[in-house]
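File shown here: upload.cif, holding mmCIF, C-alpha atoms.
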data_coords
loop_
_atom_site.group_PDB
_atom_site.id
_atom_site.type_symbol
_atom_site.label_atom_id
_atom_site.label_comp_id
_atom_site.auth_asym_id
_atom_site.auth_seq_id
_atom_site.Cartn_x
_atom_site.Cartn_y
_atom_site.Cartn_z
ATOM 1 C CA MET A 1 9.189 -28.616 39.277
ATOM 2 C CA SER A 2 7.321 -25.535 40.487
ATOM 3 C CA ILE A 3 4.245 -24.053 38.847
ATOM 4 C CA GLN A 4 6.247 -20.931 38.007
ATOM 5 C CA HIS A 5 8.833 -23.034 36.167
ATOM 6 C CA VAL A 6 6.123 -24.874 34.186
ATOM 7 C CA PHE A 7 4.436 -21.562 33.354
ATOM 8 C CA ALA A 8 7.721 -19.982 32.205
ATOM 9 C CA ARG A 9 8.557 -23.038 30.114
ATOM 10 C CA GLY A 10 5.084 -22.945 28.514
ATOM 11 C CA LEU A 11 5.450 -19.250 27.660
ATOM 12 C CA ALA A 12 8.861 -19.863 26.128
ATOM 13 C CA THR A 13 7.466 -22.705 24.002
ATOM 14 C CA LEU A 14 4.549 -20.570 22.860
ATOM 15 C CA GLY A 15 6.910 -17.740 21.910
ATOM 16 C CA LEU A 16 9.097 -20.121 19.925
ATOM 17 C CA LEU A 17 6.092 -21.560 18.082
ATOM 18 C CA TRP A 18 4.838 -18.042 17.255
ATOM 19 C CA ALA A 19 8.267 -17.048 15.895
ATOM 20 C CA LEU A 20 8.477 -20.208 13.764
ATOM 21 C CA ALA A 21 4.981 -19.634 12.381
ATOM 22 C CA ALA A 22 5.865 -16.036 11.462
ATOM 23 C CA CYS A 23 8.979 -17.202 9.623
ATOM 24 C CA ALA A 24 7.130 -19.978 7.807
ATOM 25 C CA THR A 25 4.384 -17.789 6.402
ATOM 26 C CA GLY A 26 6.686 -15.543 4.349
ATOM 27 C CA PRO A 27 5.457 -12.621 2.239
ATOM 28 C CA LYS A 28 1.818 -12.318 1.206
ATOM 29 C CA LEU A 29 1.251 -13.814 -2.239
ATOM 30 C CA VAL A 30 -1.116 -12.138 -4.693
ATOM 31 C CA SER A 31 -2.026 -13.598 -8.080
ATOM 32 C CA HIS A 32 -0.856 -11.006 -10.613
ATOM 33 C CA ALA A 33 1.625 -10.624 -13.461
ATOM 34 C CA PHE A 34 4.871 -8.858 -14.228
ATOM 35 C CA SER A 35 6.156 -8.695 -17.791
ATOM 36 C CA TYR A 36 7.763 -6.633 -20.496
ATOM 37 C CA GLU A 37 7.536 -6.852 -24.286
ATOM 38 C CA GLY A 38 10.161 -4.812 -26.128
ATOM 39 C CA TRP A 39 9.128 -5.823 -29.632
ATOM 40 C CA ASN A 40 5.402 -5.195 -29.284
ATOM 41 C CA ASP A 41 5.984 -1.996 -27.291
ATOM 42 C CA GLY A 42 8.534 -0.782 -29.850
ATOM 43 C CA TRP A 43 11.619 -0.229 -27.686
ATOM 44 C CA ALA A 44 13.647 -3.316 -28.602
ATOM 45 C CA GLN A 45 14.999 -1.610 -31.731
ATOM 46 C CA GLN A 46 16.493 1.294 -29.774
ATOM 47 C CA ALA A 47 17.377 -0.116 -26.338
ATOM 48 C CA GLU A 48 18.985 -3.172 -24.838
ATOM 49 C CA LEU A 49 17.714 -4.290 -21.450
ATOM 50 C CA LEU A 50 20.582 -4.979 -19.034
ATOM 51 C CA ALA A 51 18.758 -5.654 -15.749
ATOM 52 C CA PHE A 52 15.391 -5.526 -14.051
ATOM 53 C CA SER A 53 14.016 -6.261 -10.621
ATOM 54 C CA TYR A 54 10.380 -6.148 -9.574
ATOM 55 C CA GLY A 55 10.865 -6.253 -5.817
ATOM 56 C CA ASP A 56 13.426 -8.480 -4.172
ATOM 57 C CA GLN A 57 11.356 -11.292 -2.643
ATOM 58 C CA TYR A 58 10.761 -13.486 -5.700
ATOM 59 C CA ALA A 59 13.610 -14.711 -7.899
ATOM 60 C CA PRO A 60 11.612 -14.998 -11.188
ATOM 61 C CA THR A 61 10.952 -11.237 -11.152
ATOM 62 C CA ARG A 62 14.557 -10.149 -11.560
ATOM 63 C CA ALA A 63 17.449 -10.686 -13.932
ATOM 64 C CA ASN A 64 20.852 -9.154 -14.523
ATOM 65 C CA SER A 65 23.039 -9.350 -17.619
ATOM 66 C CA ARG A 66 26.183 -11.281 -16.751
ATOM 67 C CA ASP A 67 28.035 -10.476 -19.965
ATOM 68 C CA ASP A 68 26.703 -6.929 -20.507
ATOM 69 C CA LYS A 69 25.007 -8.087 -23.728
ATOM 70 C CA GLY A 70 21.421 -7.769 -22.560
ATOM 71 C CA ILE A 71 18.822 -10.108 -21.133
ATOM 72 C CA GLY A 72 16.237 -10.271 -23.895
ATOM 73 C CA ASN A 73 13.346 -8.244 -25.216
ATOM 74 C CA SER A 74 10.390 -10.028 -23.672
ATOM 75 C CA TRP A 75 9.649 -11.926 -20.520
ATOM 76 C CA GLY A 76 6.833 -12.482 -18.048
ATOM 77 C CA VAL A 77 5.621 -14.308 -14.987
ATOM 78 C CA ASN A 78 2.042 -14.743 -13.858
ATOM 79 C CA GLY A 79 0.601 -16.264 -10.695
ATOM 80 C CA PRO A 80 0.843 -15.994 -6.925
ATOM 81 C CA MET A 81 3.848 -13.850 -5.993
ATOM 82 C CA PRO A 82 4.719 -10.996 -3.647
ATOM 83 C CA VAL A 83 3.735 -7.519 -4.823
ATOM 84 C CA GLY A 84 7.001 -5.649 -5.394
ATOM 85 C CA GLU A 85 7.797 -2.487 -3.469
ATOM 86 C CA PHE A 86 9.980 -1.187 -6.283
ATOM 87 C CA LEU A 87 10.805 -1.646 -9.944
ATOM 88 C CA SER A 88 14.408 -1.193 -11.023
ATOM 89 C CA VAL A 89 15.338 -1.179 -14.722
ATOM 90 C CA LYS A 90 18.731 -0.711 -16.379
ATOM 91 C CA TRP A 91 19.114 -0.301 -20.154
ATOM 92 C CA ARG A 92 21.543 0.833 -22.841
ATOM 93 C CA LEU A 93 20.661 2.859 -25.920
ATOM 94 C CA LYS A 94 21.973 1.025 -28.978
ATOM 95 C CA ALA A 95 22.738 4.178 -30.982
ATOM 96 C CA THR A 96 24.891 5.934 -28.362
ATOM 97 C CA GLY A 97 25.891 3.254 -25.839
ATOM 98 C CA GLU A 98 24.539 5.435 -23.008
ATOM 99 C CA VAL A 99 23.391 3.437 -19.984
ATOM 100 C CA PHE A 100 20.393 4.484 -17.901
ATOM 101 C CA GLU A 101 19.046 3.101 -14.671
ATOM 102 C CA GLN A 102 15.771 3.948 -12.967
ATOM 103 C CA ARG A 103 14.381 2.749 -9.639
ATOM 104 C CA VAL A 104 10.677 3.442 -9.074
ATOM 105 C CA ASP A 105 9.125 3.236 -5.609
ATOM 106 C CA LEU A 106 5.838 1.406 -6.198
ATOM 107 C CA ARG A 107 4.430 1.518 -2.670
ATOM 108 C CA GLN A 108 2.184 4.559 -3.279
ATOM 109 C CA ARG A 109 1.650 3.942 -7.003
ATOM 110 C CA LEU A 110 0.137 0.456 -7.230
ATOM 111 C CA PRO A 111 -3.525 -0.273 -6.520
ATOM 112 C CA ARG A 112 -4.276 -1.602 -3.035
ATOM 113 C CA ASP A 113 -5.266 -4.934 -4.563
ATOM 114 C CA MET A 114 -3.072 -6.164 -7.415
ATOM 115 C CA THR A 115 -5.105 -9.354 -7.898
ATOM 116 C CA ASP A 116 -5.296 -10.177 -11.636
ATOM 117 C CA HIS A 117 -3.461 -6.945 -12.564
ATOM 118 C CA GLU A 118 -0.198 -6.753 -14.486
ATOM 119 C CA LEU A 119 2.818 -4.494 -14.102
ATOM 120 C CA THR A 120 4.798 -3.694 -17.245
ATOM 121 C CA PHE A 121 7.264 -1.089 -18.438
ATOM 122 C CA VAL A 122 8.265 0.648 -21.661
ATOM 123 C CA ILE A 123 11.613 2.239 -22.488
ATOM 124 C CA ASP A 124 11.661 5.360 -24.671
ATOM 125 C CA GLY A 125 15.223 6.650 -25.039
ATOM 126 C CA PRO A 126 16.382 7.824 -21.611
ATOM 127 C CA GLN A 127 12.846 7.634 -20.141
ATOM 128 C CA LEU A 128 11.166 4.710 -18.402
ATOM 129 C CA TYR A 129 7.384 4.406 -18.347
ATOM 130 C CA VAL A 130 5.603 2.036 -15.955
ATOM 131 C CA TYR A 131 2.024 0.821 -16.409
ATOM 132 C CA VAL A 132 -0.579 -1.138 -14.521
ATOM 133 C CA VAL A 133 -2.804 -3.222 -16.776
ATOM 134 C CA THR A 134 -6.139 -4.032 -15.170
ATOM 135 C CA PRO A 135 -8.179 -7.202 -15.733
ATOM 136 C CA GLU A 136 -10.898 -5.020 -17.285
ATOM 137 C CA ARG A 137 -11.087 -5.578 -21.039
ATOM 138 C CA LYS A 138 -11.940 -2.805 -23.482
ATOM 139 C CA PRO A 139 -15.235 -3.007 -25.385
ATOM 140 C CA ALA A 140 -13.309 -3.196 -28.672
ATOM 141 C CA TYR A 141 -9.687 -3.820 -29.603
ATOM 142 C CA GLY A 142 -7.913 -0.483 -30.002
ATOM 143 C CA ALA A 143 -10.531 1.548 -28.123
ATOM 144 C CA PRO A 144 -9.019 4.676 -26.535
ATOM 145 C CA PRO A 145 -7.001 5.456 -24.619
ATOM 146 C CA ILE A 146 -3.990 3.831 -26.255
ATOM 147 C CA LEU A 147 -0.837 4.177 -24.172
ATOM 148 C CA ARG A 148 2.773 3.303 -24.968
ATOM 149 C CA THR A 149 2.215 -0.330 -23.995
ATOM 150 C CA TRP A 150 0.533 -2.590 -26.543
ATOM 151 C CA ARG A 151 -1.531 -4.138 -23.750
ATOM 152 C CA SER A 152 -3.592 -0.933 -23.633
ATOM 153 C CA LYS A 153 -5.087 -1.902 -27.004
ATOM 154 C CA PHE A 154 -7.195 -4.640 -25.396
ATOM 155 C CA ALA A 155 -7.225 -3.903 -21.637
ATOM 156 C CA GLN A 156 -7.752 -0.874 -19.429
ATOM 157 C CA ALA A 157 -4.308 0.360 -18.358
ATOM 158 C CA TYR A 158 -2.852 3.431 -16.747
ATOM 159 C CA GLU A 159 0.558 5.008 -16.353
ATOM 160 C CA ILE A 160 2.024 5.094 -12.837
ATOM 161 C CA PHE A 161 5.465 6.453 -13.729
ATOM 162 C CA PRO A 162 6.682 9.055 -14.527
ATOM 163 C CA ASN A 163 3.164 10.489 -14.273
ATOM 164 C CA ALA A 164 0.759 9.743 -11.454
ATOM 165 C CA PRO A 165 -2.388 7.746 -12.213
ATOM 166 C CA SER A 166 -5.156 9.819 -13.728
ATOM 167 C CA ARG A 167 -8.036 7.615 -12.744
#

Do you think you could lay out the structure here as C-alpha coordinates?
Amino acid sequence: MSIQHVFARGLATLGLLWALAACATGPKLVSHAFSYEGWNDGWAQQAELLAFSYGDQYAPTRANSRDDKGIGNSWGVNGPMPVGEFLSVKWRLKATGEVFEQRVDLRQRLPRDMTDHELTFVIDGPQLYVYVVTPERKPAYGAPPILRTWRSKFAQAYEIFPNAPSR
(Lines of atoms letter the chains of each structure in order from A and count residues from 1; the text may use other names and numbers.)
(Lines give C-alpha, C1' and ligand atoms only; values in the text may rest on other atoms or scores of the structure.)
Protein backbone atom coordinates (compact mmCIF):
# COMPACT_ATOMS: atom_id res chain seq x y z
CA MET A 1 0.00 0.00 0.00
CA SER A 2 1.48 3.34 -1.04
CA ILE A 3 1.73 6.41 1.16
CA GLN A 4 -0.69 8.22 -1.16
CA HIS A 5 -3.27 5.46 -0.68
CA VAL A 6 -2.89 5.58 3.13
CA PHE A 7 -3.17 9.38 3.06
CA ALA A 8 -6.30 9.29 0.87
CA ARG A 9 -7.87 6.64 3.08
CA GLY A 10 -7.10 8.72 6.20
CA LEU A 11 -8.67 11.82 4.65
CA ALA A 12 -11.77 9.87 3.68
CA THR A 13 -12.10 8.51 7.23
CA LEU A 14 -11.68 11.98 8.72
CA GLY A 15 -14.34 13.37 6.38
CA LEU A 16 -16.75 10.60 7.34
CA LEU A 17 -16.16 11.19 11.05
CA TRP A 18 -16.72 14.95 10.61
CA ALA A 19 -20.00 14.32 8.74
CA LEU A 20 -21.21 11.90 11.42
CA ALA A 21 -20.35 14.36 14.19
CA ALA A 22 -22.26 17.14 12.40
CA CYS A 23 -25.32 14.92 12.08
CA ALA A 24 -25.15 13.79 15.70
CA THR A 25 -25.05 17.26 17.20
CA GLY A 26 -28.43 18.38 15.84
CA PRO A 27 -29.91 21.84 16.44
CA LYS A 28 -28.64 24.08 19.22
CA LEU A 29 -30.74 23.68 22.36
CA VAL A 30 -31.58 26.71 24.50
CA SER A 31 -33.45 26.50 27.80
CA HIS A 32 -36.61 28.56 27.28
CA ALA A 33 -40.38 28.14 27.20
CA PHE A 34 -43.22 28.16 24.71
CA SER A 35 -46.81 28.28 25.92
CA TYR A 36 -50.27 29.70 25.48
CA GLU A 37 -53.07 30.28 27.98
CA GLY A 38 -56.45 31.02 26.39
CA TRP A 39 -58.41 31.28 29.63
CA ASN A 40 -56.06 33.61 31.49
CA ASP A 41 -55.42 35.70 28.36
CA GLY A 42 -59.16 35.90 27.65
CA TRP A 43 -59.38 34.47 24.13
CA ALA A 44 -60.72 30.99 24.90
CA GLN A 45 -64.30 32.31 25.05
CA GLN A 46 -64.17 33.70 21.51
CA ALA A 47 -61.73 31.47 19.61
CA GLU A 48 -60.93 27.81 19.20
CA LEU A 49 -57.31 26.91 18.55
CA LEU A 50 -56.97 24.48 15.63
CA ALA A 51 -53.18 24.25 15.18
CA PHE A 52 -49.89 25.74 16.26
CA SER A 53 -46.24 25.20 15.47
CA TYR A 54 -43.30 26.93 17.11
CA GLY A 55 -40.61 25.95 14.62
CA ASP A 56 -40.41 22.50 13.12
CA GLN A 57 -37.47 20.88 14.91
CA TYR A 58 -39.12 19.83 18.19
CA ALA A 59 -42.30 17.75 18.28
CA PRO A 60 -43.66 19.07 21.64
CA THR A 61 -43.94 22.59 20.19
CA ARG A 62 -46.58 21.79 17.59
CA ALA A 63 -50.05 20.31 17.42
CA ASN A 64 -52.80 20.02 14.85
CA SER A 65 -56.49 19.30 15.38
CA ARG A 66 -57.30 15.94 13.81
CA ASP A 67 -61.07 16.26 14.14
CA ASP A 68 -61.37 20.03 13.56
CA LYS A 69 -62.69 20.45 17.12
CA GLY A 70 -59.72 22.30 18.56
CA ILE A 71 -56.63 21.35 20.53
CA GLY A 72 -57.26 22.98 23.89
CA ASN A 73 -56.97 26.37 25.52
CA SER A 74 -53.68 26.05 27.36
CA TRP A 75 -50.42 24.26 26.90
CA GLY A 76 -46.71 24.77 27.51
CA VAL A 77 -43.25 23.29 27.37
CA ASN A 78 -40.18 24.50 29.20
CA GLY A 79 -36.56 23.38 28.99
CA PRO A 80 -33.78 22.84 26.47
CA MET A 81 -35.21 23.01 22.95
CA PRO A 82 -34.41 24.60 19.59
CA VAL A 83 -35.40 28.25 19.21
CA GLY A 84 -38.11 28.31 16.54
CA GLU A 85 -37.65 30.27 13.33
CA PHE A 86 -41.39 30.78 12.97
CA LEU A 87 -44.67 30.61 14.84
CA SER A 88 -47.73 29.39 12.96
CA VAL A 89 -51.19 29.58 14.55
CA LYS A 90 -54.57 28.57 13.14
CA TRP A 91 -57.85 29.38 14.93
CA ARG A 92 -61.60 29.60 14.41
CA LEU A 93 -63.88 32.29 15.80
CA LYS A 94 -66.72 30.61 17.68
CA ALA A 95 -69.33 33.25 16.82
CA THR A 96 -68.86 33.22 13.03
CA GLY A 97 -66.97 30.01 12.22
CA GLU A 98 -64.35 32.05 10.33
CA VAL A 99 -60.92 30.40 10.26
CA PHE A 100 -57.71 32.43 10.42
CA GLU A 101 -54.12 31.36 10.05
CA GLN A 102 -51.01 33.42 10.71
CA ARG A 103 -47.35 32.52 10.21
CA VAL A 104 -44.85 34.85 11.90
CA ASP A 105 -41.17 34.85 10.94
CA LEU A 106 -39.36 35.03 14.28
CA ARG A 107 -35.78 35.22 13.03
CA GLN A 108 -35.50 39.02 13.33
CA ARG A 109 -38.00 39.41 16.18
CA LEU A 110 -36.65 37.23 18.99
CA PRO A 111 -33.80 38.31 21.27
CA ARG A 112 -30.37 36.95 20.34
CA ASP A 113 -30.37 34.88 23.52
CA MET A 114 -33.68 33.23 24.41
CA THR A 115 -32.27 31.61 27.57
CA ASP A 116 -34.95 31.65 30.31
CA HIS A 117 -37.36 33.65 28.10
CA GLU A 118 -40.83 32.52 27.06
CA LEU A 119 -42.72 32.87 23.80
CA THR A 120 -46.50 33.11 24.00
CA PHE A 121 -49.38 34.31 21.85
CA VAL A 122 -52.82 35.84 22.27
CA ILE A 123 -55.74 35.67 19.84
CA ASP A 124 -58.06 38.68 19.56
CA GLY A 125 -60.69 38.07 16.88
CA PRO A 126 -58.89 37.90 13.53
CA GLN A 127 -55.61 39.24 15.01
CA LEU A 128 -52.72 37.29 16.49
CA TYR A 129 -50.39 38.90 19.01
CA VAL A 130 -47.02 37.36 19.90
CA TYR A 131 -45.05 38.19 23.05
CA VAL A 132 -41.67 37.49 24.56
CA VAL A 133 -41.75 37.21 28.34
CA THR A 134 -38.37 37.90 29.91
CA PRO A 135 -37.03 36.32 33.11
CA GLU A 136 -37.05 39.79 34.68
CA ARG A 137 -39.79 40.06 37.30
CA LYS A 138 -41.73 43.26 37.93
CA PRO A 139 -41.25 45.06 41.26
CA ALA A 140 -44.93 44.51 42.07
CA TYR A 141 -47.68 42.33 40.62
CA GLY A 142 -49.66 44.36 38.08
CA ALA A 143 -47.01 47.06 37.63
CA PRO A 144 -47.23 48.70 34.19
CA PRO A 145 -47.05 48.03 31.38
CA ILE A 146 -49.81 45.43 31.23
CA LEU A 147 -50.09 43.80 27.82
CA ARG A 148 -52.68 41.40 26.42
CA THR A 149 -50.92 38.42 27.99
CA TRP A 150 -51.52 37.77 31.68
CA ARG A 151 -47.82 37.00 32.11
CA SER A 152 -47.10 40.73 31.77
CA LYS A 153 -48.70 41.23 35.20
CA PHE A 154 -45.69 39.67 36.94
CA ALA A 155 -42.85 39.67 34.37
CA GLN A 156 -41.36 42.13 31.91
CA ALA A 157 -42.77 41.28 28.47
CA TYR A 158 -42.93 42.89 25.07
CA GLU A 159 -44.91 42.47 21.89
CA ILE A 160 -43.03 41.20 18.83
CA PHE A 161 -46.00 40.80 16.49
CA PRO A 162 -47.83 42.55 14.91
CA ASN A 163 -45.82 45.47 16.29
CA ALA A 164 -42.05 45.55 16.53
CA PRO A 165 -40.43 45.55 19.96
CA SER A 166 -40.37 48.95 21.61
CA ARG A 167 -37.50 48.33 23.95

Item to check | Residues matched by the PyMOL selection byres ((chain A and resi 55) around 10) as a ChimeraX atom specification | outcome: /A:52-54,56-59,61-62,82-88,105-106

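Take the candidates A:Gln46, A:Pro162, A:Trp39, A:Gln156 and check each one against Thr96 (chain A) using all atoms listed in the file; the shortest distance goes to A:Gln46.
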
Checklist entry - Between CA of Arg137 (chain A) and CA of Gly72 (chain A), what is the spacing in Å? => result 27.9 Å

Next on the checklist: Which residues would end up in the selection if the PyMOL selection byres ((chain A and resi 135) around 9) were applied here, given that I need the answer as a PyMOL selection string?
Outcome noted: chain A and resi 115-118+133-134+136-137+155-157

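One distance worth recording is that between CA of Pro27 (chain A) and CA of Gly76 (chain A), which is 20.3 Å.
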
Item to check | Point-to-point distance in Å for CA of Ile146 (chain A) and CA of Tyr36 (chain A) | outcome: 16.8 Å

Checklist entry - Pick from A:Leu119, A:Val99, A:Ala63, A:Ala164: nearest to Ala33 (chain A), with all atoms listed in the file counted? => result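 Among the listed residues, the smallest separation from Ala33 (chain A) belongs to A:Leu119.
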
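With distances restricted to all atoms listed in the file, A:Trp43 is the closest residue to Ser74 (chain A) from A:Tyr158, A:Tyr141, A:Tyr129, A:Trp43.
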
Item to check | Residue with smallest distance to Gln127 (chain A) - pool A:Ala47, A:Asp67, A:Ala143, A:Gly38, counting only C-alpha atoms | outcome: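 Result for the nearest residue to Gln127 (chain A): A:Ala47.
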
Next on the checklist: At a cut-off of 12 Å, using only C-alpha atoms, what residues contact Glu101 (chain A)? Leave out same-chain residues fewer than 6 positions from it and give the result as a list of chain:residue names.
Outcome noted: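 With the cut-off at 12 Å, the set is A:Glu48, A:Leu49, A:Leu50, A:Ala51, A:Phe52, A:Ser53, A:Leu87, A:Ser88, A:Val89, A:Lys90, A:Trp91, A:Arg92, A:Leu93, A:Ile123, A:Gly125, A:Pro126, A:Gln127, A:Leu128.
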
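The nearest approach to Gln108 (chain A) among the residues A:Phe161, A:Asp41, A:Asp124, A:Leu29, with all atoms listed in the file taken into account, belongs to A:Phe161.
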